[in-house]
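This is run_16.cif (mmCIF, C-alpha atoms).
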```cif
data_data
loop_
_atom_site.group_PDB
_atom_site.id
_atom_site.type_symbol
_atom_site.label_atom_id
_atom_site.label_comp_id
_atom_site.auth_asym_id
_atom_site.auth_seq_id
_atom_site.Cartn_x
_atom_site.Cartn_y
_atom_site.Cartn_z
ATOM 1 C CA MET B 34 -45.371 5.604 -22.929
ATOM 2 C CA ILE B 35 -43.895 3.382 -20.222
ATOM 3 C CA ASP B 36 -46.435 2.014 -17.795
ATOM 4 C CA ARG B 37 -45.959 1.343 -14.100
ATOM 5 C CA ARG B 38 -45.541 -2.434 -14.585
ATOM 6 C CA THR B 39 -42.650 -1.912 -17.033
ATOM 7 C CA MET B 40 -40.926 0.489 -14.640
ATOM 8 C CA ILE B 41 -41.262 -1.889 -11.696
ATOM 9 C CA THR B 42 -39.987 -4.823 -13.771
ATOM 10 C CA ALA B 43 -36.954 -2.802 -14.908
ATOM 11 C CA ALA B 44 -36.232 -1.641 -11.346
ATOM 12 C CA LEU B 45 -36.429 -5.185 -10.005
ATOM 13 C CA ALA B 46 -34.157 -6.448 -12.768
ATOM 14 C CA ALA B 47 -31.601 -3.763 -11.919
ATOM 15 C CA ILE B 48 -31.728 -4.678 -8.237
ATOM 16 C CA ALA B 49 -31.471 -8.396 -9.000
ATOM 17 C CA THR B 50 -28.260 -7.895 -11.008
ATOM 18 C CA PRO B 51 -25.290 -8.545 -8.705
ATOM 19 C CA ILE B 52 -23.491 -5.393 -7.606
ATOM 20 C CA SER B 53 -20.160 -6.731 -8.855
ATOM 21 C CA THR B 54 -21.619 -7.118 -12.355
ATOM 22 C CA ARG B 55 -23.049 -3.606 -12.319
ATOM 23 C CA THR B 56 -19.747 -2.221 -11.044
ATOM 24 C CA ALA B 57 -17.784 -4.065 -13.732
ATOM 25 C CA LEU B 58 -20.097 -2.782 -16.461
ATOM 26 C CA ALA B 59 -19.850 0.781 -15.165
ATOM 27 C CA GLN B 60 -16.058 0.636 -14.921
ATOM 28 C CA ALA B 61 -15.745 -0.771 -18.439
ATOM 29 C CA ALA B 62 -17.856 2.063 -19.816
ATOM 30 C CA MET B 63 -15.943 4.713 -17.881
ATOM 31 C CA SER B 64 -12.489 3.443 -18.767
ATOM 32 C CA ARG B 65 -13.008 4.054 -22.475
ATOM 33 C CA VAL B 66 -12.993 7.847 -22.238
ATOM 34 C CA THR B 67 -10.568 9.944 -20.231
ATOM 35 C CA ALA B 68 -10.688 13.645 -19.434
ATOM 36 C CA TYR B 69 -8.049 14.220 -22.101
ATOM 37 C CA ALA B 70 -10.646 13.453 -24.775
ATOM 38 C CA PHE B 71 -12.554 16.652 -23.957
ATOM 39 C CA SER B 72 -12.122 20.161 -25.270
ATOM 40 C CA PHE B 73 -13.858 23.432 -24.463
ATOM 41 C CA PRO B 74 -14.375 26.662 -26.406
ATOM 42 C CA ALA B 75 -11.869 29.330 -25.362
ATOM 43 C CA LEU B 76 -12.968 32.905 -24.706
ATOM 44 C CA GLU B 77 -10.415 34.133 -27.251
ATOM 45 C CA GLY B 78 -11.718 31.714 -29.884
ATOM 46 C CA GLY B 79 -10.540 28.242 -30.785
ATOM 47 C CA ASP B 80 -10.596 25.307 -28.409
ATOM 48 C CA ILE B 81 -8.883 24.381 -25.168
ATOM 49 C CA ARG B 82 -7.913 20.719 -25.547
ATOM 50 C CA LEU B 83 -7.270 18.908 -22.281
ATOM 51 C CA ALA B 84 -4.943 16.490 -24.117
ATOM 52 C CA GLU B 85 -2.440 19.364 -24.307
ATOM 53 C CA TYR B 86 -2.159 19.234 -20.505
ATOM 54 C CA ALA B 87 -1.412 15.512 -20.177
ATOM 55 C CA GLY B 88 1.120 14.851 -17.423
ATOM 56 C CA ARG B 89 0.517 18.199 -15.708
ATOM 57 C CA SER B 90 -1.674 19.169 -12.773
ATOM 58 C CA LEU B 91 -4.948 20.564 -13.994
ATOM 59 C CA LEU B 92 -7.971 22.078 -12.272
ATOM 60 C CA VAL B 93 -11.070 22.649 -14.394
ATOM 61 C CA VAL B 94 -13.490 25.218 -12.993
ATOM 62 C CA ASN B 95 -16.825 25.885 -14.645
ATOM 63 C CA THR B 96 -17.664 29.555 -14.196
ATOM 64 C CA ALA B 97 -19.802 32.218 -15.835
ATOM 65 C CA SER B 98 -16.776 33.743 -17.551
ATOM 66 C CA LEU B 99 -18.561 36.699 -19.101
ATOM 67 C CA CYS B 100 -20.543 37.554 -15.973
ATOM 68 C CA GLY B 101 -19.362 40.487 -13.879
ATOM 69 C CA PHE B 102 -21.169 39.285 -10.771
ATOM 70 C CA THR B 103 -18.698 36.734 -9.446
ATOM 71 C CA PRO B 104 -17.285 38.140 -6.187
ATOM 72 C CA GLN B 105 -17.282 34.618 -4.739
ATOM 73 C CA TYR B 106 -14.302 33.842 -6.988
ATOM 74 C CA ALA B 107 -11.973 36.335 -5.306
ATOM 75 C CA GLY B 108 -10.300 33.586 -3.245
ATOM 76 C CA PHE B 109 -9.976 31.393 -6.315
ATOM 77 C CA ARG B 110 -8.359 34.213 -8.296
ATOM 78 C CA TYR B 111 -5.929 34.812 -5.433
ATOM 79 C CA SER B 112 -4.978 31.112 -5.430
ATOM 80 C CA VAL B 113 -4.441 31.113 -9.189
ATOM 81 C CA GLY B 114 -2.176 34.149 -8.852
ATOM 82 C CA LYS B 115 -0.142 32.461 -6.113
ATOM 83 C CA CYS B 116 0.270 29.322 -8.255
ATOM 84 C CA ARG B 117 1.492 31.443 -11.150
ATOM 85 C CA GLU B 118 4.017 33.156 -8.883
ATOM 86 C CA LEU B 119 5.340 29.791 -7.674
ATOM 87 C CA ARG B 120 5.701 28.493 -11.221
ATOM 88 C CA GLY B 121 7.719 31.542 -12.098
#
```

Target format C-alpha cells, applied to this file:
Amino acid sequence: MIDRRTMITAALAAIATPISTRTALAQAAMSRVTAYAFSFPALEGGDIRLAEYAGRSLLVVNTASLCGFTPQYAGFRYSVGKCRELRG
C-alpha cells in the first residue's frame, strides 16, 4: 500500500520535472501509435481495421449500436445520409 509520504514525494517529483521534458516524453510515447493501429469488432462479424481508411476522412462514433433507445442520433444519421448522397 502506498503511504501519504510516497504520494507527496512522487507528486513533488512530477512538478519539479520541467514541463518541456514532460511534454517531450508524452509526445514520444504518443507518436509511436497512430489511430490506424486500432481495429474494432463489426456488428456483422469480423473486424473494422482503421488502417483500411488511411488517406480518407474518417469519423469514429462510439454508440450503443444494439440499443433501440437512441433518438439523440437522429441528426447524426441525417448527416451520414447526406454525406453518402454527396459521395454518390

With only C-alpha atoms as the basis for distance, which of B:Ala84, B:Gly78, B:Ser90, B:Tyr111 is at the shortest distance from Val66 of chain B? B:Ala84

Just so the selection is clear, what residues does the PyMOL selection byres ((chain B and resi 92-95) around 12) cover here, as number ranges by chain? B: 68-69, 71-73, 81-83, 86, 89-91, 96-99, 106, 109-110, 112-113, 116

Mind pulling up the distance from atom CA of Ala75 of chain B to atom CA of Arg120 of chain B?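 Distance reported for this atom pair: 22.6 Å.
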
Would you work out the distance separating atom CA of Thr67 of chain B from atom CA of Gly88 of chain B, expressed in Å to one decimal?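 About the pair atom CA of Thr67 of chain B and atom CA of Gly88 of chain B: they are 13.0 Å apart.
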
Can you tell me, as JSON, the centre and edge lengths (Å, one decimal) of the axis-aligned box enclosing all of segment 85-94 of chain B's listed atoms after padding each side by 3 Å?
```
{"center_x": -6.2, "center_y": 20.0, "center_z": -18.3, "size_x": 20.6, "size_y": 16.4, "size_z": 18.0}
```

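Taking atom CA of Glu77 of chain B and atom CA of Leu119 of chain B as endpoints, the distance between them is 25.5 Å.
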